[in-house]
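The data block below is final_3.cif; it holds mmCIF, C-alpha atoms.
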```
data_model
#
loop_
_atom_site.label_atom_id
_atom_site.label_comp_id
_atom_site.auth_asym_id
_atom_site.auth_seq_id
_atom_site.Cartn_x
_atom_site.Cartn_y
_atom_site.Cartn_z
CA MET A 1 -31.65 9.98 -23.02
CA ASP A 2 -30.93 6.45 -24.13
CA ILE A 3 -33.13 3.38 -24.01
CA LEU A 4 -32.52 -0.32 -23.56
CA PHE A 5 -35.41 -2.44 -24.79
CA ASP A 6 -35.73 -5.99 -23.50
CA GLU A 7 -37.31 -7.84 -26.42
CA ASP A 8 -38.13 -10.91 -24.37
CA ASP A 9 -39.99 -9.24 -21.54
CA ARG A 10 -41.11 -6.27 -23.68
CA MET A 11 -39.82 -4.04 -20.89
CA TRP A 12 -37.45 -1.16 -21.26
CA VAL A 13 -35.12 1.08 -19.31
CA GLU A 14 -34.66 4.74 -20.08
CA ARG A 15 -31.57 6.49 -18.81
CA ARG A 16 -30.82 10.17 -18.74
CA SER A 17 -28.05 11.96 -16.95
CA ASN A 18 -26.36 15.22 -16.26
CA ASP A 19 -23.03 15.90 -14.61
CA ARG A 20 -24.33 14.94 -11.17
CA TRP A 21 -27.02 12.28 -11.55
CA ARG A 22 -28.02 9.33 -13.65
CA VAL A 23 -31.75 8.66 -13.62
CA TYR A 24 -33.21 5.33 -14.71
CA GLU A 25 -36.89 4.70 -15.46
CA VAL A 26 -38.11 1.14 -15.92
CA TYR A 27 -41.32 0.48 -17.86
CA ASP A 28 -43.32 -2.70 -18.26
CA ALA A 29 -44.76 -4.13 -21.46
CA GLU A 30 -47.82 -1.89 -21.18
CA GLY A 31 -45.69 1.22 -20.85
CA ARG A 32 -46.36 1.65 -17.16
CA LEU A 33 -43.56 3.05 -15.07
CA ILE A 34 -42.76 0.32 -12.54
CA GLY A 35 -40.02 2.28 -10.83
CA GLU A 36 -37.12 4.62 -11.13
CA LEU A 37 -33.89 5.33 -9.35
CA SER A 38 -31.15 7.91 -9.27
CA THR A 39 -27.46 7.26 -8.78
CA PRO A 40 -24.75 9.86 -8.27
CA VAL A 41 -22.19 10.45 -10.97
CA GLY A 42 -18.68 9.74 -9.76
CA ASN A 43 -17.62 8.46 -6.40
CA ARG A 44 -18.97 11.15 -4.14
CA PRO A 45 -21.46 9.84 -1.60
CA ARG A 46 -24.71 11.63 -2.16
CA LEU A 47 -28.20 10.79 -1.05
CA ALA A 48 -30.78 10.50 -3.77
CA PRO A 49 -34.12 11.83 -2.60
CA ASP A 50 -37.06 9.49 -2.41
CA ARG A 51 -39.56 9.61 -5.19
CA PRO A 52 -42.80 7.69 -5.35
CA ALA A 53 -43.03 4.66 -7.59
CA ASN A 54 -46.23 5.98 -9.14
CA ALA A 55 -44.71 9.23 -10.35
CA THR A 56 -45.57 9.95 -13.95
CA ARG A 57 -44.22 12.06 -16.74
CA GLY A 58 -45.03 15.70 -16.15
CA ASP A 59 -44.92 15.21 -12.43
CA PRO A 60 -42.77 18.01 -11.01
CA ARG A 61 -40.91 15.38 -9.01
CA PHE A 62 -39.62 14.18 -12.36
CA ALA A 63 -37.99 17.50 -13.09
CA ALA A 64 -34.27 17.88 -13.69
CA PRO A 65 -32.32 15.71 -11.27
CA ASP A 66 -30.45 18.69 -9.86
CA SER A 67 -33.61 20.10 -8.43
CA ARG A 68 -33.96 17.04 -6.21
CA ASP A 69 -30.40 16.95 -5.01
CA THR A 70 -30.44 17.10 -1.25
CA GLY A 71 -26.69 16.74 -1.00
CA ARG A 72 -24.91 15.35 2.02
CA MET B 1 -31.48 -14.82 -15.30
CA THR B 2 -32.07 -14.40 -11.61
CA ALA B 3 -34.08 -16.74 -9.40
CA THR B 4 -35.56 -14.21 -6.98
CA ARG B 5 -36.17 -10.52 -6.60
CA GLY B 6 -34.25 -10.45 -3.33
CA GLN B 7 -37.50 -9.67 -1.55
CA ARG B 8 -36.08 -10.29 1.90
CA GLY B 9 -32.89 -8.33 1.48
CA ARG B 10 -32.00 -5.08 3.14
CA PHE B 11 -33.79 -1.89 2.14
CA TYR B 12 -31.31 0.93 2.59
CA ASP B 13 -30.97 1.27 6.36
CA ARG B 14 -34.71 1.31 6.91
CA ALA B 15 -37.28 -1.22 7.97
CA SER B 16 -38.53 -3.35 5.10
CA PRO B 17 -41.64 -1.92 3.45
CA GLY B 18 -42.69 -5.49 2.73
CA GLU B 19 -41.49 -8.26 0.46
CA GLU B 20 -43.50 -7.15 -2.54
CA GLU B 21 -42.21 -3.58 -2.43
CA VAL B 22 -38.61 -4.61 -1.80
CA GLY B 23 -38.88 -7.03 -4.70
CA ARG B 24 -40.26 -4.33 -6.98
CA VAL B 25 -37.52 -1.88 -6.11
CA ARG B 26 -34.79 -4.48 -6.46
CA GLU B 27 -36.06 -5.55 -9.88
CA VAL B 28 -35.88 -1.92 -10.97
CA GLU B 29 -32.30 -1.81 -9.66
CA LEU B 30 -31.45 -5.03 -11.48
CA ARG B 31 -32.82 -3.79 -14.79
CA ALA B 32 -31.03 -0.47 -14.44
CA ALA B 33 -27.77 -2.30 -13.70
CA ALA B 34 -28.31 -4.54 -16.70
CA ARG B 35 -28.76 -1.46 -18.80
CA GLU B 36 -25.36 -0.19 -17.68
CA LEU B 37 -23.74 -3.53 -18.45
CA GLY B 38 -25.35 -3.77 -21.87
CA VAL B 39 -27.30 -6.88 -20.93
CA SER B 40 -30.08 -7.00 -23.49
CA GLY B 41 -32.42 -9.32 -21.64
CA VAL B 42 -33.26 -9.89 -17.99
CA ARG B 43 -35.36 -12.82 -16.87
CA VAL B 44 -36.56 -12.88 -13.28
CA LEU B 45 -37.86 -16.21 -12.06
CA ASP B 46 -40.42 -15.82 -9.35
CA TYR B 47 -38.88 -17.73 -6.46
CA MET B 48 -38.86 -16.44 -2.91
CA ASP B 49 -35.67 -14.96 -1.57
CA GLY B 50 -34.05 -17.42 0.82
CA GLU B 51 -36.09 -20.39 -0.38
CA VAL B 52 -34.45 -21.34 -3.66
CA ASP B 53 -32.99 -24.48 -2.09
CA SER B 54 -36.50 -25.72 -1.41
CA ALA B 55 -37.91 -24.79 -4.81
CA ASP B 56 -39.92 -27.40 -6.66
CA PRO B 57 -37.71 -29.53 -8.94
CA ALA B 58 -39.72 -28.05 -11.80
CA ALA B 59 -37.36 -25.09 -11.45
CA VAL B 60 -34.81 -27.13 -13.39
CA GLY B 61 -37.25 -27.41 -16.27
CA GLU B 62 -37.96 -23.71 -16.17
CA ILE B 63 -34.28 -22.82 -16.39
CA ALA B 64 -33.70 -25.47 -19.05
CA ALA B 65 -36.50 -23.99 -21.16
CA GLU B 66 -34.80 -20.60 -20.94
CA ILE B 67 -31.48 -22.14 -21.96
CA ARG B 68 -33.13 -23.75 -24.97
CA ARG B 69 -34.73 -20.44 -25.89
CA ILE B 70 -31.68 -18.19 -25.39
CA ARG B 71 -29.23 -20.85 -26.67
CA PRO B 72 -26.08 -19.57 -24.93
CA ASP B 73 -22.63 -20.97 -25.70
CA VAL B 74 -21.38 -20.02 -22.23
CA VAL B 75 -23.17 -20.05 -18.87
CA VAL B 76 -21.81 -18.45 -15.70
CA THR B 77 -23.26 -19.10 -12.26
CA PHE B 78 -22.26 -19.35 -8.62
CA GLY B 79 -19.96 -22.12 -7.50
CA ALA B 80 -20.67 -24.96 -5.10
CA ASP B 81 -19.65 -22.62 -2.27
CA GLY B 82 -22.30 -20.06 -3.18
CA ALA B 83 -19.53 -17.41 -3.03
CA TYR B 84 -19.89 -17.10 0.73
CA GLY B 85 -22.20 -19.96 1.63
CA HIS B 86 -25.48 -18.29 0.67
CA PRO B 87 -28.03 -21.12 0.37
CA ASP B 88 -29.78 -19.49 -2.60
CA HIS B 89 -26.48 -19.18 -4.46
CA ILE B 90 -25.63 -22.81 -3.81
CA ALA B 91 -29.10 -23.86 -4.93
CA ILE B 92 -29.00 -21.89 -8.18
CA SER B 93 -25.60 -23.38 -8.94
CA GLN B 94 -27.06 -26.87 -8.61
CA LEU B 95 -30.24 -26.02 -10.52
CA THR B 96 -28.27 -24.44 -13.34
CA GLY B 97 -26.03 -27.47 -13.71
CA ALA B 98 -29.06 -29.75 -13.87
CA ALA B 99 -30.79 -27.41 -16.31
CA ILE B 100 -27.82 -27.45 -18.68
CA ALA B 101 -27.94 -31.24 -18.69
CA LEU B 102 -31.68 -31.21 -19.30
CA ALA B 103 -31.52 -28.56 -22.03
CA GLY B 104 -29.10 -30.73 -23.96
CA SER B 105 -30.95 -33.96 -23.37
CA CYS B 106 -32.84 -35.53 -26.27
CA GLY B 107 -34.72 -37.76 -23.89
CA ARG B 108 -36.71 -34.96 -22.25
CA ALA B 109 -38.08 -33.00 -25.14
CA GLY B 110 -40.89 -31.39 -23.17
CA SER B 111 -44.02 -30.14 -24.86
CA PRO B 112 -44.33 -29.98 -28.65
CA ASP B 113 -43.97 -26.21 -28.36
CA SER B 114 -40.75 -26.26 -26.38
CA PRO B 115 -37.62 -25.01 -28.14
CA PRO B 116 -35.28 -27.63 -29.58
CA VAL B 117 -32.49 -29.22 -27.59
CA HIS B 118 -29.49 -26.98 -26.94
CA GLN B 119 -26.01 -27.99 -25.79
CA VAL B 120 -24.14 -25.39 -23.71
CA GLU B 121 -20.46 -25.45 -24.68
CA LYS B 122 -18.92 -24.09 -21.48
CA LEU B 123 -20.02 -23.71 -17.86
CA TYR B 124 -18.24 -21.46 -15.35
CA TRP B 125 -18.49 -20.93 -11.64
CA ILE B 126 -17.53 -17.65 -10.03
CA ALA B 127 -14.28 -18.47 -8.21
CA TRP B 128 -12.59 -15.55 -6.51
CA GLY B 129 -9.11 -16.09 -5.15
CA GLY B 130 -7.67 -14.79 -1.90
CA ALA B 131 -6.42 -11.47 -3.23
CA THR B 132 -9.74 -10.67 -4.89
CA TRP B 133 -11.74 -11.49 -1.78
CA ALA B 134 -9.35 -9.48 0.40
CA ARG B 135 -9.79 -6.39 -1.76
CA TYR B 136 -13.55 -6.80 -1.86
CA GLU B 137 -14.06 -7.41 1.85
CA ALA B 138 -11.75 -4.52 2.73
CA ALA B 139 -13.97 -2.22 0.70
CA VAL B 140 -17.34 -3.66 1.62
CA LYS B 141 -17.27 -5.79 4.74
CA ARG B 142 -16.45 -9.30 5.82
CA LEU B 143 -19.27 -11.48 4.59
CA VAL B 144 -20.41 -13.80 7.35
CA SER B 145 -23.80 -15.38 7.83
CA LYS B 146 -25.22 -18.05 10.05
CA VAL B 147 -27.09 -20.91 8.41
CA ASP B 148 -28.51 -23.76 10.47
CA GLY B 149 -26.50 -22.47 13.39
CA VAL B 150 -23.21 -22.65 11.51
CA ALA B 151 -21.24 -19.56 10.51
CA ARG B 152 -20.52 -19.34 6.79
CA GLN B 153 -18.07 -16.98 5.18
CA ALA B 154 -16.21 -16.39 1.96
CA ASN B 155 -13.66 -19.10 1.32
CA PRO B 156 -11.21 -18.02 -1.37
CA TRP B 157 -10.48 -20.48 -4.12
CA PRO B 158 -6.88 -21.67 -4.19
CA ASP B 159 -4.97 -19.90 -6.89
CA TRP B 160 -4.15 -23.16 -8.67
CA ALA B 161 -7.85 -24.03 -9.02
CA ILE B 162 -8.78 -20.83 -10.83
CA THR B 163 -8.95 -21.73 -14.51
CA THR B 164 -9.92 -18.37 -15.92
CA SER B 165 -8.97 -14.81 -15.08
CA VAL B 166 -10.54 -12.05 -17.13
CA ASP B 167 -8.93 -8.62 -17.14
CA ALA B 168 -11.86 -6.23 -16.87
CA THR B 169 -9.78 -3.23 -15.85
CA ALA B 170 -10.85 -1.20 -18.84
CA HIS B 171 -14.49 -1.65 -17.79
CA TRP B 172 -14.28 -0.86 -14.10
CA ARG B 173 -16.29 2.35 -14.45
CA THR B 174 -19.09 0.43 -16.17
CA VAL B 175 -19.11 -2.17 -13.41
CA TRP B 176 -19.16 0.53 -10.74
CA ARG B 177 -22.10 2.27 -12.41
CA ALA B 178 -23.95 -1.05 -12.40
CA VAL B 179 -23.07 -1.67 -8.76
CA GLN B 180 -24.35 1.79 -7.87
CA CYS B 181 -27.74 0.87 -9.30
CA HIS B 182 -28.21 -1.57 -6.41
CA ALA B 183 -28.81 1.39 -4.16
CA THR B 184 -30.83 -0.44 -1.51
CA GLN B 185 -27.90 -2.81 -0.98
CA ILE B 186 -24.80 -0.64 -1.20
CA HIS B 187 -26.29 2.02 1.04
CA ALA B 188 -24.82 0.13 3.98
CA TYR B 189 -21.35 0.17 2.45
CA GLY B 190 -20.40 3.80 2.64
CA ARG B 191 -16.74 2.98 2.16
CA LEU B 192 -17.42 1.92 -1.42
CA ALA B 193 -18.22 5.48 -2.41
CA GLU B 194 -15.01 6.75 -0.87
CA LEU B 195 -12.61 4.46 -2.67
CA THR B 196 -9.98 5.90 -4.92
CA GLU B 197 -10.03 5.15 -8.62
CA ALA B 198 -7.11 2.79 -8.14
CA GLU B 199 -9.02 0.87 -5.50
CA HIS B 200 -12.11 0.65 -7.70
CA ARG B 201 -9.96 -0.57 -10.55
CA ALA B 202 -8.49 -3.26 -8.33
CA ILE B 203 -11.86 -4.50 -7.06
CA TRP B 204 -13.80 -4.58 -10.32
CA GLY B 205 -10.87 -5.07 -12.69
CA THR B 206 -10.33 -8.80 -12.29
CA GLN B 207 -12.96 -11.50 -12.57
CA GLU B 208 -12.01 -15.07 -11.77
CA PHE B 209 -13.78 -18.30 -12.64
CA TYR B 210 -13.58 -22.06 -12.46
CA ARG B 211 -14.30 -23.82 -15.77
CA VAL B 212 -16.62 -26.61 -14.72
CA PHE B 213 -16.71 -28.11 -18.18
CA SER B 214 -15.83 -27.19 -21.70
CA LEU B 215 -16.62 -29.02 -24.91
CA VAL B 216 -14.23 -26.83 -26.88
CA ASN B 217 -10.96 -26.52 -24.93
CA GLY B 218 -9.09 -27.68 -21.86
CA GLY B 219 -5.69 -27.89 -20.22
CA ARG B 220 -3.99 -26.26 -17.24
CA GLU B 221 -3.07 -23.00 -18.89
CA ARG B 222 -5.18 -20.24 -17.38
CA GLU B 223 -7.74 -18.75 -19.74
CA THR B 224 -8.17 -15.01 -20.11
CA ASP B 225 -11.51 -15.14 -21.89
CA VAL B 226 -14.58 -17.26 -21.16
CA PHE B 227 -15.10 -17.56 -24.91
CA GLU B 228 -11.73 -19.20 -25.54
CA GLY B 229 -12.20 -22.06 -27.95
CA LEU B 230 -15.35 -20.52 -29.35
CA ARG B 231 -14.02 -17.51 -31.22
#
```
What do you get writing this file as structure tokens?
Amino acid sequence: MDILFDEDDRMWVERRSNDRWRVYEVYDAEGRLIGELSTPVGNRPRLAPDRPANATRGDPRFAAPDSRDTGR
Amino acid sequence: MTATRGQRGRFYDRASPGEEEVGRVREVELRAAARELGVSGVRVLDYMDGEVDSADPAAVGEIAAEIRRIRPDVVVTFGADGAYGHPDHIAISQLTGAAIALAGSCGRAGSPDSPPVHQVEKLYWIAWGGATWARYEAAVKRLVSKVDGVARQANPWPDWAITTSVDATAHWRTVWRAVQCHATQIHAYGRLAELTEAEHRAIWGTQEFYRVFSLVNGGRERETDVFEGLR
């Protein structure tokens, strides 16, 4: 996982990835998750499954990206 | 710096869940894309999508304050054509030009707490030529919109008017990763995900600009680096 911290807005983006997905989590200055998104690795069209904006760490929907891969 | 959250833009191929939700998701996409590009700071001004051209003139002061705070040598924004006639893009081009003038003006110091005057050294407009637009529209779609009853579309800059062409070929994968972050927008462009590597390289590998002003260099020779004269 790597992190980009925005010193001005005190917000940060965490990115983790495997060989199929990159997952980004964006947090506000209070550490609240304001949203996340998944993008496919490479050029293959692939639908990322929906996940709720209020998902939190430990939520099973935040498990390894592969487990959410619906494919297309 | 971006003026809006794109609250009224498309949301995948679904009905909009509302401006607030679309804006939230698109800000997440923007920040994720910035992370891919290595942009260390993102500032989102809170203007409404589609209404930047009717924003209060105070917007100029807001942008100028950011320029004084960030103190950039180079600023890049949309051109007078708004890339393809988008009213928000045209408006932000005008506001940015005014803000650069204000940020460097000693006569409008603002409040005692405002950062000191800052002079931007170079201003660029995005200025894609015919070949660049042709590659992009072949991969995405022809960009046409109707504003005040008049159709607007991308009008390529004449080759002779392009002052600066940056070879970004080595970074095309980075650009593509950033583009992919805008998932709500590119969902409609399925062809993008099917392009070959060579086609991706061609689309993202060249970035063209018009040098609106420079305090550090000039001449007709085409630049290959927006920081020419500053390094």
Please evaluate the PyMOL selection byres ((chain A) within 9 of (chain B)) against the displayed coordinates and give the resulting residues as a compact mmCIF listing (two decimals) with C-alpha atoms, keeping the file's coordinate frame.
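To be explicit, this is the file written out as part-v8.txt:
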```txt
# COMPACT_ATOMS: atom_id res chain seq x y z
CA ILE A 3 -33.13 3.38 -24.01
CA LEU A 4 -32.52 -0.32 -23.56
CA PHE A 5 -35.41 -2.44 -24.79
CA ASP A 6 -35.73 -5.99 -23.50
CA GLU A 7 -37.31 -7.84 -26.42
CA ASP A 8 -38.13 -10.91 -24.37
CA ASP A 9 -39.99 -9.24 -21.54
CA TRP A 12 -37.45 -1.16 -21.26
CA VAL A 13 -35.12 1.08 -19.31
CA GLU A 14 -34.66 4.74 -20.08
CA ARG A 15 -31.57 6.49 -18.81
CA TYR A 24 -33.21 5.33 -14.71
CA GLU A 25 -36.89 4.70 -15.46
CA VAL A 26 -38.11 1.14 -15.92
CA ILE A 34 -42.76 0.32 -12.54
CA GLY A 35 -40.02 2.28 -10.83
CA GLU A 36 -37.12 4.62 -11.13
CA LEU A 37 -33.89 5.33 -9.35
CA SER A 38 -31.15 7.91 -9.27
CA THR A 39 -27.46 7.26 -8.78
CA PRO A 40 -24.75 9.86 -8.27
CA VAL A 41 -22.19 10.45 -10.97
CA GLY A 42 -18.68 9.74 -9.76
CA ASN A 43 -17.62 8.46 -6.40
CA ARG A 44 -18.97 11.15 -4.14
CA PRO A 45 -21.46 9.84 -1.60
CA ARG A 46 -24.71 11.63 -2.16
CA ALA A 53 -43.03 4.66 -7.59
```
Scan for residues within 8 Å of the point (-8.2, -13.2, -6.0) in the coordinates of the file, using all atoms listed in the file, and reply as a PyMOL selection string.
-> chain B and resi 128-134+156-157+159+206+208
Expressed in Å, the length from CA of His171 (chain B) to CA of Leu37 (chain B) is 9.5 Å
Taking the file above as input, evaluate the PyMOL selection byres ((chain B and resi 73) around 6) and report the hits as a PyMOL selection string.
-> chain B and resi 72+74+120-121
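Each of B:Ala127, B:Ala3, B:Ala170, B:Ala83 was compared to Glu62 (chain B) using all atoms listed in the file, and B:Ala3 turns out to be the nearest.
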Selection under test: the PyMOL selection byres ((chain B and resi 48) around 12); residues as an NGL selection string = :B and (2-9 or 19-20 or 22-23 or 44-47 or 49-56 or 88)
Residues just named, written with C-alpha atoms as a compact mmCIF listing (two decimals), in the coordinates of the input:
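And here's again-v1.txt as it stands now:
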```txt
# COMPACT_ATOMS: atom_id res chain seq x y z
CA THR B 2 -32.07 -14.40 -11.61
CA ALA B 3 -34.08 -16.74 -9.40
CA THR B 4 -35.56 -14.21 -6.98
CA ARG B 5 -36.17 -10.52 -6.60
CA GLY B 6 -34.25 -10.45 -3.33
CA GLN B 7 -37.50 -9.67 -1.55
CA ARG B 8 -36.08 -10.29 1.90
CA GLY B 9 -32.89 -8.33 1.48
CA GLU B 19 -41.49 -8.26 0.46
CA GLU B 20 -43.50 -7.15 -2.54
CA VAL B 22 -38.61 -4.61 -1.80
CA GLY B 23 -38.88 -7.03 -4.70
CA VAL B 44 -36.56 -12.88 -13.28
CA LEU B 45 -37.86 -16.21 -12.06
CA ASP B 46 -40.42 -15.82 -9.35
CA TYR B 47 -38.88 -17.73 -6.46
CA ASP B 49 -35.67 -14.96 -1.57
CA GLY B 50 -34.05 -17.42 0.82
CA GLU B 51 -36.09 -20.39 -0.38
CA VAL B 52 -34.45 -21.34 -3.66
CA ASP B 53 -32.99 -24.48 -2.09
CA SER B 54 -36.50 -25.72 -1.41
CA ALA B 55 -37.91 -24.79 -4.81
CA ASP B 56 -39.92 -27.40 -6.66
CA ASP B 88 -29.78 -19.49 -2.60
```
Top pick for closest residue to Gly218 (chain B), considering B:Arg201, B:Lys122, B:Arg135, B:Arg231 and counting only C-alpha atoms | B:Lys122
Work out how far CA of Asp167 (chain B) is from CA of Arg220 (chain B), in Å to one decimal.
-> 18.3 Å
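Counting from CA of Pro115 (chain B), the distance to CA of Arg69 (chain B) is 5.9 Å.
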Each side padded by 3 Å, which centre and which edge lengths in Å (one decimal) define the axis-aligned box around the listed atoms of region 16-30 of chain A? Give them as JSON.
```
{"center_x": -35.4, "center_y": 5.9, "center_z": -16.3, "size_x": 30.8, "size_y": 26.0, "size_z": 16.3}
```
Ile67 (chain B) environment, 12 Å, only C-alpha atoms, sequence neighbours closer than 6 positions dropped, as a compact mmCIF listing (two decimals) with C-alpha atoms, in the coordinates of the input:
```txt
# COMPACT_ATOMS: atom_id res chain seq x y z
CA MET B 1 -31.48 -14.82 -15.30
CA ARG B 43 -35.36 -12.82 -16.87
CA VAL B 60 -34.81 -27.13 -13.39
CA GLY B 61 -37.25 -27.41 -16.27
CA ASP B 73 -22.63 -20.97 -25.70
CA VAL B 74 -21.38 -20.02 -22.23
CA VAL B 75 -23.17 -20.05 -18.87
CA THR B 96 -28.27 -24.44 -13.34
CA GLY B 97 -26.03 -27.47 -13.71
CA ALA B 98 -29.06 -29.75 -13.87
CA ALA B 99 -30.79 -27.41 -16.31
CA ILE B 100 -27.82 -27.45 -18.68
CA ALA B 101 -27.94 -31.24 -18.69
CA LEU B 102 -31.68 -31.21 -19.30
CA ALA B 103 -31.52 -28.56 -22.03
CA GLY B 104 -29.10 -30.73 -23.96
CA SER B 105 -30.95 -33.96 -23.37
CA SER B 114 -40.75 -26.26 -26.38
CA PRO B 115 -37.62 -25.01 -28.14
CA PRO B 116 -35.28 -27.63 -29.58
CA VAL B 117 -32.49 -29.22 -27.59
CA HIS B 118 -29.49 -26.98 -26.94
CA GLN B 119 -26.01 -27.99 -25.79
CA VAL B 120 -24.14 -25.39 -23.71
CA GLU B 121 -20.46 -25.45 -24.68
```
